[in-house]
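K.L.:
Next up, structure-v6.csv (CSV, N, CA and C atoms).
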```
chain,number,residue,atom,x,y,z
A,1,MET,N,123.1,120.2,75.6
A,1,MET,CA,122.7,119.9,74.2
A,1,MET,C,122.5,118.4,74.0
A,2,ARG,N,123.3,117.6,74.7
A,2,ARG,CA,123.1,116.1,74.6
A,2,ARG,C,121.8,115.7,75.1
A,3,ALA,N,121.4,116.3,76.2
A,3,ALA,CA,120.1,115.9,76.8
A,3,ALA,C,118.9,116.2,75.9
A,4,VAL,N,119.0,117.3,75.2
A,4,VAL,CA,118.0,117.7,74.2
A,4,VAL,C,117.9,116.7,73.1
A,5,GLU,N,119.1,116.3,72.6
A,5,GLU,CA,119.1,115.4,71.5
A,5,GLU,C,118.5,114.0,71.9
A,6,GLU,N,118.9,113.6,73.1
A,6,GLU,CA,118.3,112.3,73.6
A,6,GLU,C,116.8,112.4,73.8
A,7,ARG,N,116.4,113.5,74.3
A,7,ARG,CA,114.9,113.8,74.5
A,7,ARG,C,114.2,113.8,73.1
A,8,ALA,N,114.8,114.4,72.1
A,8,ALA,CA,114.3,114.4,70.7
A,8,ALA,C,114.2,113.0,70.2
A,9,ARG,N,115.2,112.2,70.4
A,9,ARG,CA,115.2,110.8,69.9
A,9,ARG,C,114.1,110.0,70.6
A,10,GLY,N,114.0,110.2,71.9
A,10,GLY,CA,112.9,109.5,72.6
A,10,GLY,C,111.5,109.9,72.1
A,11,LEU,N,111.3,111.2,71.9
A,11,LEU,CA,110.0,111.6,71.3
A,11,LEU,C,109.8,111.1,70.0
A,12,GLU,N,110.8,111.0,69.1
A,12,GLU,CA,110.6,110.5,67.8
A,12,GLU,C,110.2,109.0,67.8
A,13,GLU,N,110.8,108.3,68.7
A,13,GLU,CA,110.5,106.9,68.9
A,13,GLU,C,109.1,106.7,69.4
A,14,GLN,N,108.7,107.6,70.3
A,14,GLN,CA,107.3,107.6,70.8
A,14,GLN,C,106.3,107.9,69.7
A,15,VAL,N,106.6,108.8,68.8
A,15,VAL,CA,105.8,109.1,67.7
A,15,VAL,C,105.6,107.9,66.8
A,16,ARG,N,106.7,107.2,66.5
A,16,ARG,CA,106.7,106.0,65.6
A,16,ARG,C,105.9,104.9,66.3
A,17,ARG,N,106.0,104.7,67.6
A,17,ARG,CA,105.3,103.7,68.2
A,17,ARG,C,103.8,104.0,68.3
A,18,LEU,N,103.4,105.2,68.6
A,18,LEU,CA,102.0,105.6,68.6
A,18,LEU,C,101.4,105.6,67.3
A,19,THR,N,102.1,106.0,66.2
A,19,THR,CA,101.6,106.0,64.9
A,19,THR,C,101.3,104.6,64.4
A,20,ALA,N,102.2,103.6,64.8
A,20,ALA,CA,102.0,102.2,64.4
A,20,ALA,C,100.7,101.7,65.2
A,21,GLU,N,100.6,102.1,66.5
A,21,GLU,CA,99.4,101.7,67.2
A,21,GLU,C,98.1,102.2,66.7
A,22,ARG,N,98.2,103.5,66.3
A,22,ARG,CA,97.0,104.1,65.7
A,22,ARG,C,96.6,103.4,64.4
A,23,ASP,N,97.6,103.1,63.5
A,23,ASP,CA,97.4,102.5,62.3
A,23,ASP,C,96.8,101.1,62.5
A,24,ALA,N,97.3,100.4,63.5
A,24,ALA,CA,96.7,99.0,63.8
A,24,ALA,C,95.3,99.1,64.2
A,25,ILE,N,94.9,100.1,65.0
A,25,ILE,CA,93.5,100.3,65.4
A,25,ILE,C,92.7,100.7,64.3
A,26,ALA,N,93.2,101.6,63.5
A,26,ALA,CA,92.4,102.2,62.3
A,26,ALA,C,92.1,101.1,61.3
A,27,SER,N,93.0,100.1,61.2
A,27,SER,CA,92.7,99.0,60.2
A,27,SER,C,91.5,98.1,60.6
A,28,THR,N,91.1,98.2,61.9
A,28,THR,CA,89.9,97.4,62.3
A,28,THR,C,88.6,98.2,62.2
A,29,VAL,N,88.7,99.5,61.8
A,29,VAL,CA,87.5,100.3,61.7
A,29,VAL,C,87.0,100.2,60.3
A,30,PRO,N,85.7,100.1,60.1
A,30,PRO,CA,85.1,100.1,58.7
A,30,PRO,C,85.5,101.3,57.9
A,31,SER,N,85.8,101.2,56.7
A,31,SER,CA,86.3,102.3,55.9
A,31,SER,C,85.4,103.5,55.8
A,32,GLY,N,84.1,103.2,55.8
A,32,GLY,CA,83.1,104.3,55.8
A,32,GLY,C,83.2,105.2,57.0
A,33,VAL,N,83.3,104.5,58.2
A,33,VAL,CA,83.4,105.2,59.4
A,33,VAL,C,84.8,106.0,59.5
A,34,LEU,N,85.8,105.4,59.0
A,34,LEU,CA,87.1,106.1,59.0
A,34,LEU,C,87.1,107.3,58.1
A,35,ASP,N,86.5,107.2,56.9
A,35,ASP,CA,86.3,108.3,56.0
A,35,ASP,C,85.5,109.4,56.7
A,36,LEU,N,84.5,109.1,57.4
A,36,LEU,CA,83.7,110.1,58.1
A,36,LEU,C,84.5,110.8,59.2
A,37,PHE,N,85.3,110.0,59.9
A,37,PHE,CA,86.2,110.6,60.9
A,37,PHE,C,87.2,111.6,60.3
A,38,HIS,N,87.8,111.2,59.2
A,38,HIS,CA,88.8,112.1,58.6
A,38,HIS,C,88.2,113.3,58.0
A,39,ARG,N,87.0,113.2,57.4
A,39,ARG,CA,86.3,114.3,56.9
A,39,ARG,C,85.9,115.3,58.0
A,40,VAL,N,85.4,114.8,59.1
A,40,VAL,CA,85.0,115.7,60.2
A,40,VAL,C,86.2,116.3,60.8
A,41,ALA,N,87.3,115.6,61.0
A,41,ALA,CA,88.5,116.1,61.6
A,41,ALA,C,89.1,117.2,60.7
A,42,ARG,N,89.0,117.1,59.4
A,42,ARG,CA,89.6,118.1,58.5
A,42,ARG,C,88.7,119.4,58.7
A,43,SER,N,87.4,119.3,58.8
A,43,SER,CA,86.6,120.5,58.8
A,43,SER,C,86.5,121.1,60.2
A,44,ARG,N,86.9,120.3,61.2
A,44,ARG,CA,86.8,120.8,62.6
A,44,ARG,C,88.1,121.0,63.3
A,45,GLY,N,89.1,121.3,62.6
A,45,GLY,CA,90.4,121.6,63.2
A,45,GLY,C,91.1,120.4,63.9
A,46,GLY,N,90.8,119.2,63.4
A,46,GLY,CA,91.4,118.0,63.9
A,46,GLY,C,90.6,117.3,65.0
A,47,VAL,N,89.5,117.9,65.5
A,47,VAL,CA,88.7,117.3,66.6
A,47,VAL,C,87.4,116.8,65.9
A,48,ALA,N,87.4,115.4,65.7
A,48,ALA,CA,86.3,114.8,65.1
A,48,ALA,C,85.3,114.2,66.0
A,49,VAL,N,85.7,114.0,67.3
A,49,VAL,CA,84.9,113.2,68.2
A,49,VAL,C,84.6,114.1,69.4
A,50,ALA,N,83.4,114.0,69.9
A,50,ALA,CA,83.0,114.8,71.1
A,50,ALA,C,82.2,114.0,72.0
A,51,PRO,N,82.4,114.2,73.3
A,51,PRO,CA,81.5,113.5,74.3
A,51,PRO,C,80.1,114.2,74.4
A,52,ALA,N,79.1,113.4,74.7
A,52,ALA,CA,77.8,113.9,75.0
A,52,ALA,C,77.5,113.6,76.4
A,53,GLN,N,77.1,114.6,77.1
A,53,GLN,CA,76.9,114.5,78.6
A,53,GLN,C,75.8,115.4,79.0
A,54,ASP,N,75.0,115.0,79.9
A,54,ASP,CA,73.9,115.8,80.4
A,54,ASP,C,73.0,116.3,79.2
A,55,GLY,N,72.8,115.5,78.2
A,55,GLY,CA,71.9,115.9,77.1
A,55,GLY,C,72.5,116.9,76.1
A,56,MET,N,73.8,117.2,76.2
A,56,MET,CA,74.4,118.1,75.2
A,56,MET,C,75.7,117.7,74.7
A,57,CYS,N,76.1,118.3,73.6
A,57,CYS,CA,77.4,118.1,73.0
A,57,CYS,C,78.4,118.9,73.8
A,58,GLN,N,79.4,118.3,74.3
A,58,GLN,CA,80.3,119.0,75.2
A,58,GLN,C,81.4,119.8,74.5
A,59,VAL,N,81.3,119.9,73.2
A,59,VAL,CA,82.2,120.7,72.4
A,59,VAL,C,81.5,122.0,72.0
A,60,CYS,N,80.4,121.9,71.3
A,60,CYS,CA,79.7,123.1,70.8
A,60,CYS,C,78.6,123.5,71.8
A,61,HIS,N,78.3,122.7,72.8
A,61,HIS,CA,77.3,123.0,73.9
A,61,HIS,C,75.9,123.2,73.4
A,62,VAL,N,75.5,122.4,72.3
A,62,VAL,CA,74.2,122.5,71.9
A,62,VAL,C,73.4,121.4,72.6
A,63,LYS,N,72.2,121.7,73.1
A,63,LYS,CA,71.3,120.8,73.7
A,63,LYS,C,70.8,119.8,72.7
A,64,LEU,N,70.8,118.5,73.0
A,64,LEU,CA,70.4,117.5,72.0
A,64,LEU,C,68.9,117.2,72.4
A,65,ARG,N,68.2,116.8,71.3
A,65,ARG,CA,66.8,116.4,71.5
A,65,ARG,C,66.8,115.2,72.4
A,66,LEU,N,65.7,115.0,73.2
A,66,LEU,CA,65.7,113.9,74.2
A,66,LEU,C,65.8,112.6,73.5
A,67,GLN,N,65.0,112.3,72.5
A,67,GLN,CA,65.0,111.0,71.8
A,67,GLN,C,66.4,110.8,71.1
A,68,PHE,N,67.0,111.8,70.6
A,68,PHE,CA,68.3,111.7,70.0
A,68,PHE,C,69.3,111.3,71.0
A,69,TYR,N,69.3,111.9,72.2
A,69,TYR,CA,70.2,111.6,73.3
A,69,TYR,C,70.0,110.2,73.8
A,70,ALA,N,68.7,109.8,73.9
A,70,ALA,CA,68.4,108.4,74.3
A,70,ALA,C,69.0,107.4,73.3
A,71,ASP,N,68.8,107.7,72.1
A,71,ASP,CA,69.4,106.8,71.0
A,71,ASP,C,70.9,106.7,71.1
A,72,LEU,N,71.5,107.9,71.3
A,72,LEU,CA,73.0,108.0,71.4
A,72,LEU,C,73.5,107.1,72.6
A,73,LYS,N,72.8,107.2,73.7
A,73,LYS,CA,73.2,106.4,74.9
A,73,LYS,C,73.2,104.9,74.7
A,74,ARG,N,72.4,104.4,73.7
A,74,ARG,CA,72.4,103.0,73.4
A,74,ARG,C,73.7,102.5,72.7
A,75,ASN,N,74.4,103.5,72.1
A,75,ASN,CA,75.6,103.2,71.4
A,75,ASN,C,75.5,102.1,70.3
A,76,GLU,N,74.4,102.1,69.6
A,76,GLU,CA,74.2,101.1,68.5
A,76,GLU,C,74.6,101.6,67.2
A,77,GLU,N,74.8,102.9,67.0
A,77,GLU,CA,75.2,103.4,65.7
A,77,GLU,C,76.0,104.6,65.8
A,78,ILE,N,76.7,105.0,64.8
A,78,ILE,CA,77.5,106.3,64.8
A,78,ILE,C,76.5,107.4,64.6
A,79,VAL,N,76.6,108.4,65.5
A,79,VAL,CA,75.7,109.6,65.4
A,79,VAL,C,76.6,110.8,65.4
A,80,GLN,N,76.1,111.9,64.7
A,80,GLN,CA,76.9,113.1,64.7
A,80,GLN,C,76.0,114.2,65.4
A,81,CYS,N,76.7,115.2,65.9
A,81,CYS,CA,76.0,116.3,66.5
A,81,CYS,C,75.3,117.1,65.4
A,82,PRO,N,74.0,117.4,65.6
A,82,PRO,CA,73.3,118.1,64.6
A,82,PRO,C,73.8,119.5,64.4
A,83,ALA,N,74.6,120.1,65.3
A,83,ALA,CA,75.1,121.5,65.2
A,83,ALA,C,76.5,121.5,64.6
A,84,CYS,N,77.5,120.7,65.2
A,84,CYS,CA,78.9,120.8,64.8
A,84,CYS,C,79.3,119.7,64.0
A,85,ASN,N,78.5,118.7,63.8
A,85,ASN,CA,78.7,117.5,63.0
A,85,ASN,C,79.8,116.6,63.5
A,86,ARG,N,80.3,116.8,64.7
A,86,ARG,CA,81.3,115.9,65.3
A,86,ARG,C,80.6,114.6,65.6
A,87,ILE,N,81.4,113.5,65.7
A,87,ILE,CA,80.9,112.2,66.0
A,87,ILE,C,80.8,112.2,67.6
A,88,LEU,N,79.6,111.9,68.0
A,88,LEU,CA,79.3,111.9,69.4
A,88,LEU,C,79.5,110.5,70.1
A,89,TYR,N,79.9,110.5,71.3
A,89,TYR,CA,79.9,109.3,72.1
A,89,TYR,C,79.4,109.5,73.5
A,90,TYR,N,78.9,108.5,74.1
A,90,TYR,CA,78.3,108.6,75.4
A,90,TYR,C,79.1,107.7,76.3
A,91,GLU,N,79.6,108.2,77.4
A,91,GLU,CA,80.3,107.4,78.4
A,91,GLU,C,79.5,107.5,79.7
A,92,ALA,N,78.9,106.3,80.2
A,92,ALA,CA,78.1,106.3,81.4
A,92,ALA,C,79.0,106.8,82.6
A,93,PRO,N,78.4,107.6,83.5
A,93,PRO,CA,79.1,108.0,84.6
A,93,PRO,C,79.4,106.8,85.5
A,94,PRO,N,80.5,106.9,86.3
A,94,PRO,CA,80.9,105.8,87.2
A,94,PRO,C,79.8,105.6,88.2
A,95,PRO,N,79.6,104.4,88.7
A,95,PRO,CA,78.5,104.2,89.7
A,95,PRO,C,78.9,104.8,91.0
A,96,THR,N,77.9,105.3,91.7
A,96,THR,CA,78.2,106.0,93.0
A,96,THR,C,78.2,105.0,94.1
A,97,VAL,N,79.0,105.1,95.0
A,97,VAL,CA,79.0,104.2,96.2
A,97,VAL,C,78.4,104.9,97.4
A,98,SER,N,77.4,104.2,97.9
A,98,SER,CA,76.8,104.8,99.1
A,98,SER,C,77.5,104.3,100.3
A,99,ALA,N,77.4,105.2,101.3
A,99,ALA,CA,78.1,104.8,102.6
A,99,ALA,C,77.1,104.3,103.6
A,100,GLU,N,76.1,103.6,103.2
A,100,GLU,CA,75.1,103.0,104.1
A,100,GLU,C,75.7,101.8,104.8
A,101,PRO,N,75.4,101.7,106.1
A,101,PRO,CA,75.9,100.6,106.9
A,101,PRO,C,75.2,99.3,106.6
```
Please re-express this file's structure in structure tokens.
P.N.:
Amino acid sequence: MRAVEERARGLEEQVRRLTAERDAIASTVPSGVLDLFHRVARSRGGVAVAPAQDGMCQVCHVKLRLQFYADLKRNEEIVQCPACNRILYYEAPPPTVSAEP
């Protein structure tokens, strides 16, 4: 029983720490973007952000138009999936290392 209570206290402390960290980061985000994030999260079961990879949204699996995907890869503005409205992000794949002598 004691171990469970200690574990619960540890988890509560972790929640407090992570909440403070999240709030600190959220304070640096423009309010319009933060409002968009919260609006999408409410309508999509808490999942407001989705990766885009191989020309498609990885959550709803809709193929993105080529120009849209090219614009997304530049990461110059906030873009939403045209199908599920989640905020899309692109993460470049890690560079491959060749084994040439």
K.L.:
What are the DSSP strand (DSSP E) residues of range 17-101 of chain A, as a PyMOL selection string?
P.N.:
chain A and resi 49-53+56-57+79-80+87-90
K.L.:
List the spatial neighbours of Val62 in chain A as an MDAnalysis selection string - criterion: any atom at most 8 Å away, all atoms listed in the file, same-chain residues fewer than 4 positions off excluded.
P.N.:
chainID A and resid 55:58 83:84
K.L.:
Using N, CA and C atoms, can you export the residues from the last selection as an mmCIF file, in the coordinates of the input?
P.N.:
```cif
data_model
loop_
_atom_site.group_PDB
_atom_site.id
_atom_site.type_symbol
_atom_site.label_atom_id
_atom_site.label_comp_id
_atom_site.auth_asym_id
_atom_site.auth_seq_id
_atom_site.Cartn_x
_atom_site.Cartn_y
_atom_site.Cartn_z
ATOM 1 N N GLY A 55 72.800 115.500 78.200
ATOM 2 C CA GLY A 55 71.900 115.900 77.100
ATOM 3 C C GLY A 55 72.500 116.900 76.100
ATOM 4 N N MET A 56 73.800 117.200 76.200
ATOM 5 C CA MET A 56 74.400 118.100 75.200
ATOM 6 C C MET A 56 75.700 117.700 74.700
ATOM 7 N N CYS A 57 76.100 118.300 73.600
ATOM 8 C CA CYS A 57 77.400 118.100 73.000
ATOM 9 C C CYS A 57 78.400 118.900 73.800
ATOM 10 N N GLN A 58 79.400 118.300 74.300
ATOM 11 C CA GLN A 58 80.300 119.000 75.200
ATOM 12 C C GLN A 58 81.400 119.800 74.500
ATOM 13 N N ALA A 83 74.600 120.100 65.300
ATOM 14 C CA ALA A 83 75.100 121.500 65.200
ATOM 15 C C ALA A 83 76.500 121.500 64.600
ATOM 16 N N CYS A 84 77.500 120.700 65.200
ATOM 17 C CA CYS A 84 78.900 120.800 64.800
ATOM 18 C C CYS A 84 79.300 119.700 64.000
#
```
K.L.:
Restricting the calculation to all atoms listed in the file, which member of A:Arg17, A:Asn85, A:Ala92, A:Ile78 is positioned closest to Val47 in chain A?
P.N.:
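Closest residue, counting all atoms listed in the file: A:Asn85.
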K.L.:
Which residues come within 8 Å of Glu91 in chain A, counting all atoms listed in the file, excluding same-chain residues fewer than 6 positions away, as a ChimeraX atom specification?
P.N.:
/A:51-53,72-73
K.L.:
Store the residues picked out above in a file with N, CA and C atoms, as a PDB file, in the frame of the given file.
P.N.:
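The file below, again-v5.pdb, is the result:
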```pdb
ATOM      1  N   PRO A  51      82.400 114.200  73.300  1.00  0.00           N
ATOM      2  CA  PRO A  51      81.500 113.500  74.300  1.00  0.00           C
ATOM      3  C   PRO A  51      80.100 114.200  74.400  1.00  0.00           C
ATOM      4  N   ALA A  52      79.100 113.400  74.700  1.00  0.00           N
ATOM      5  CA  ALA A  52      77.800 113.900  75.000  1.00  0.00           C
ATOM      6  C   ALA A  52      77.500 113.600  76.400  1.00  0.00           C
ATOM      7  N   GLN A  53      77.100 114.600  77.100  1.00  0.00           N
ATOM      8  CA  GLN A  53      76.900 114.500  78.600  1.00  0.00           C
ATOM      9  C   GLN A  53      75.800 115.400  79.000  1.00  0.00           C
ATOM     10  N   LEU A  72      71.500 107.900  71.300  1.00  0.00           N
ATOM     11  CA  LEU A  72      73.000 108.000  71.400  1.00  0.00           C
ATOM     12  C   LEU A  72      73.500 107.100  72.600  1.00  0.00           C
ATOM     13  N   LYS A  73      72.800 107.200  73.700  1.00  0.00           N
ATOM     14  CA  LYS A  73      73.200 106.400  74.900  1.00  0.00           C
ATOM     15  C   LYS A  73      73.200 104.900  74.700  1.00  0.00           C
TER      16      LYS A  73
END
```
K.L.:
Nearest residue to Ala50 in chain A out of A:Val97, A:Met1, A:Cys81, A:Leu18, using only C-alpha atoms?
P.N.:
A:Cys81
K.L.:
May I have all residues of chain A that DSSP, computed from the backbone, assigns to helix (DSSP H, G or I), given as JSON, numbers by chain?
P.N.:
{"A": [2, 3, 4, 5, 6, 7, 8, 9, 10, 11, 12, 13, 14, 15, 16, 17, 18, 19, 20, 21, 22, 23, 24, 25, 26, 31, 32, 33, 34, 35, 36, 37, 38, 39, 40, 41, 42, 43, 66, 67, 68, 69, 70, 71, 72, 73]}
K.L.:
Just N, CA and C atoms for this one: save the residues we selected as a compact mmCIF listing (two decimals), in the coordinates of the input.
P.N.:
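Full text of result-v4.txt as output:
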```txt
# COMPACT_ATOMS: atom_id res chain seq x y z
N ARG A 2 123.30 117.60 74.70
CA ARG A 2 123.10 116.10 74.60
C ARG A 2 121.80 115.70 75.10
N ALA A 3 121.40 116.30 76.20
CA ALA A 3 120.10 115.90 76.80
C ALA A 3 118.90 116.20 75.90
N VAL A 4 119.00 117.30 75.20
CA VAL A 4 118.00 117.70 74.20
C VAL A 4 117.90 116.70 73.10
N GLU A 5 119.10 116.30 72.60
CA GLU A 5 119.10 115.40 71.50
C GLU A 5 118.50 114.00 71.90
N GLU A 6 118.90 113.60 73.10
CA GLU A 6 118.30 112.30 73.60
C GLU A 6 116.80 112.40 73.80
N ARG A 7 116.40 113.50 74.30
CA ARG A 7 114.90 113.80 74.50
C ARG A 7 114.20 113.80 73.10
N ALA A 8 114.80 114.40 72.10
CA ALA A 8 114.30 114.40 70.70
C ALA A 8 114.20 113.00 70.20
N ARG A 9 115.20 112.20 70.40
CA ARG A 9 115.20 110.80 69.90
C ARG A 9 114.10 110.00 70.60
N GLY A 10 114.00 110.20 71.90
CA GLY A 10 112.90 109.50 72.60
C GLY A 10 111.50 109.90 72.10
N LEU A 11 111.30 111.20 71.90
CA LEU A 11 110.00 111.60 71.30
C LEU A 11 109.80 111.10 70.00
N GLU A 12 110.80 111.00 69.10
CA GLU A 12 110.60 110.50 67.80
C GLU A 12 110.20 109.00 67.80
N GLU A 13 110.80 108.30 68.70
CA GLU A 13 110.50 106.90 68.90
C GLU A 13 109.10 106.70 69.40
N GLN A 14 108.70 107.60 70.30
CA GLN A 14 107.30 107.60 70.80
C GLN A 14 106.30 107.90 69.70
N VAL A 15 106.60 108.80 68.80
CA VAL A 15 105.80 109.10 67.70
C VAL A 15 105.60 107.90 66.80
N ARG A 16 106.70 107.20 66.50
CA ARG A 16 106.70 106.00 65.60
C ARG A 16 105.90 104.90 66.30
N ARG A 17 106.00 104.70 67.60
CA ARG A 17 105.30 103.70 68.20
C ARG A 17 103.80 104.00 68.30
N LEU A 18 103.40 105.20 68.60
CA LEU A 18 102.00 105.60 68.60
C LEU A 18 101.40 105.60 67.30
N THR A 19 102.10 106.00 66.20
CA THR A 19 101.60 106.00 64.90
C THR A 19 101.30 104.60 64.40
N ALA A 20 102.20 103.60 64.80
CA ALA A 20 102.00 102.20 64.40
C ALA A 20 100.70 101.70 65.20
N GLU A 21 100.60 102.10 66.50
CA GLU A 21 99.40 101.70 67.20
C GLU A 21 98.10 102.20 66.70
N ARG A 22 98.20 103.50 66.30
CA ARG A 22 97.00 104.10 65.70
C ARG A 22 96.60 103.40 64.40
N ASP A 23 97.60 103.10 63.50
CA ASP A 23 97.40 102.50 62.30
C ASP A 23 96.80 101.10 62.50
N ALA A 24 97.30 100.40 63.50
CA ALA A 24 96.70 99.00 63.80
C ALA A 24 95.30 99.10 64.20
N ILE A 25 94.90 100.10 65.00
CA ILE A 25 93.50 100.30 65.40
C ILE A 25 92.70 100.70 64.30
N ALA A 26 93.20 101.60 63.50
CA ALA A 26 92.40 102.20 62.30
C ALA A 26 92.10 101.10 61.30
N SER A 31 85.80 101.20 56.70
CA SER A 31 86.30 102.30 55.90
C SER A 31 85.40 103.50 55.80
N GLY A 32 84.10 103.20 55.80
CA GLY A 32 83.10 104.30 55.80
C GLY A 32 83.20 105.20 57.00
N VAL A 33 83.30 104.50 58.20
CA VAL A 33 83.40 105.20 59.40
C VAL A 33 84.80 106.00 59.50
N LEU A 34 85.80 105.40 59.00
CA LEU A 34 87.10 106.10 59.00
C LEU A 34 87.10 107.30 58.10
N ASP A 35 86.50 107.20 56.90
CA ASP A 35 86.30 108.30 56.00
C ASP A 35 85.50 109.40 56.70
N LEU A 36 84.50 109.10 57.40
CA LEU A 36 83.70 110.10 58.10
C LEU A 36 84.50 110.80 59.20
N PHE A 37 85.30 110.00 59.90
CA PHE A 37 86.20 110.60 60.90
C PHE A 37 87.20 111.60 60.30
N HIS A 38 87.80 111.20 59.20
CA HIS A 38 88.80 112.10 58.60
C HIS A 38 88.20 113.30 58.00
N ARG A 39 87.00 113.20 57.40
CA ARG A 39 86.30 114.30 56.90
C ARG A 39 85.90 115.30 58.00
N VAL A 40 85.40 114.80 59.10
CA VAL A 40 85.00 115.70 60.20
C VAL A 40 86.20 116.30 60.80
N ALA A 41 87.30 115.60 61.00
CA ALA A 41 88.50 116.10 61.60
C ALA A 41 89.10 117.20 60.70
N ARG A 42 89.00 117.10 59.40
CA ARG A 42 89.60 118.10 58.50
C ARG A 42 88.70 119.40 58.70
N SER A 43 87.40 119.30 58.80
CA SER A 43 86.60 120.50 58.80
C SER A 43 86.50 121.10 60.20
N LEU A 66 65.70 115.00 73.20
CA LEU A 66 65.70 113.90 74.20
C LEU A 66 65.80 112.60 73.50
N GLN A 67 65.00 112.30 72.50
CA GLN A 67 65.00 111.00 71.80
C GLN A 67 66.40 110.80 71.10
N PHE A 68 67.00 111.80 70.60
CA PHE A 68 68.30 111.70 70.00
C PHE A 68 69.30 111.30 71.00
N TYR A 69 69.30 111.90 72.20
CA TYR A 69 70.20 111.60 73.30
C TYR A 69 70.00 110.20 73.80
N ALA A 70 68.70 109.80 73.90
CA ALA A 70 68.40 108.40 74.30
C ALA A 70 69.00 107.40 73.30
N ASP A 71 68.80 107.70 72.10
CA ASP A 71 69.40 106.80 71.00
C ASP A 71 70.90 106.70 71.10
N LEU A 72 71.50 107.90 71.30
CA LEU A 72 73.00 108.00 71.40
C LEU A 72 73.50 107.10 72.60
N LYS A 73 72.80 107.20 73.70
CA LYS A 73 73.20 106.40 74.90
C LYS A 73 73.20 104.90 74.70
```
K.L.:
Quick check, in Å to one decimal: how far apart do CA of Asp35 in chain A and atom C of Ile87 in chain A lie?
P.N.:
13.4 Å
K.L.:
Taking only C-alpha atoms into account, which of A:Ala20, A:Leu88, A:Val29, A:Val49 comes nearest Asp71 in chain A?
P.N.:
A:Leu88
K.L.:
One number please: CA of Arg74 in chain A to atom N of Tyr89 in chain A, in Å, one decimal.
P.N.:
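Atom-to-atom, CA of Arg74 in chain A and atom N of Tyr89 in chain A are spaced 10.8 Å apart.
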K.L.:
What's the separation between atom C of Ala48 in chain A and atom C of Leu36 in chain A, in Å to one decimal place?
P.N.:
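Value for the atom C of Ala48 in chain A-atom C of Leu36 in chain A distance: 7.6 Å.
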K.L.:
Counting all atoms listed in the file, which residue out of A:Arg86, A:Asp54, A:Ser98, A:Ile25 sits closest to Val40 in chain A?
P.N.:
A:Arg86
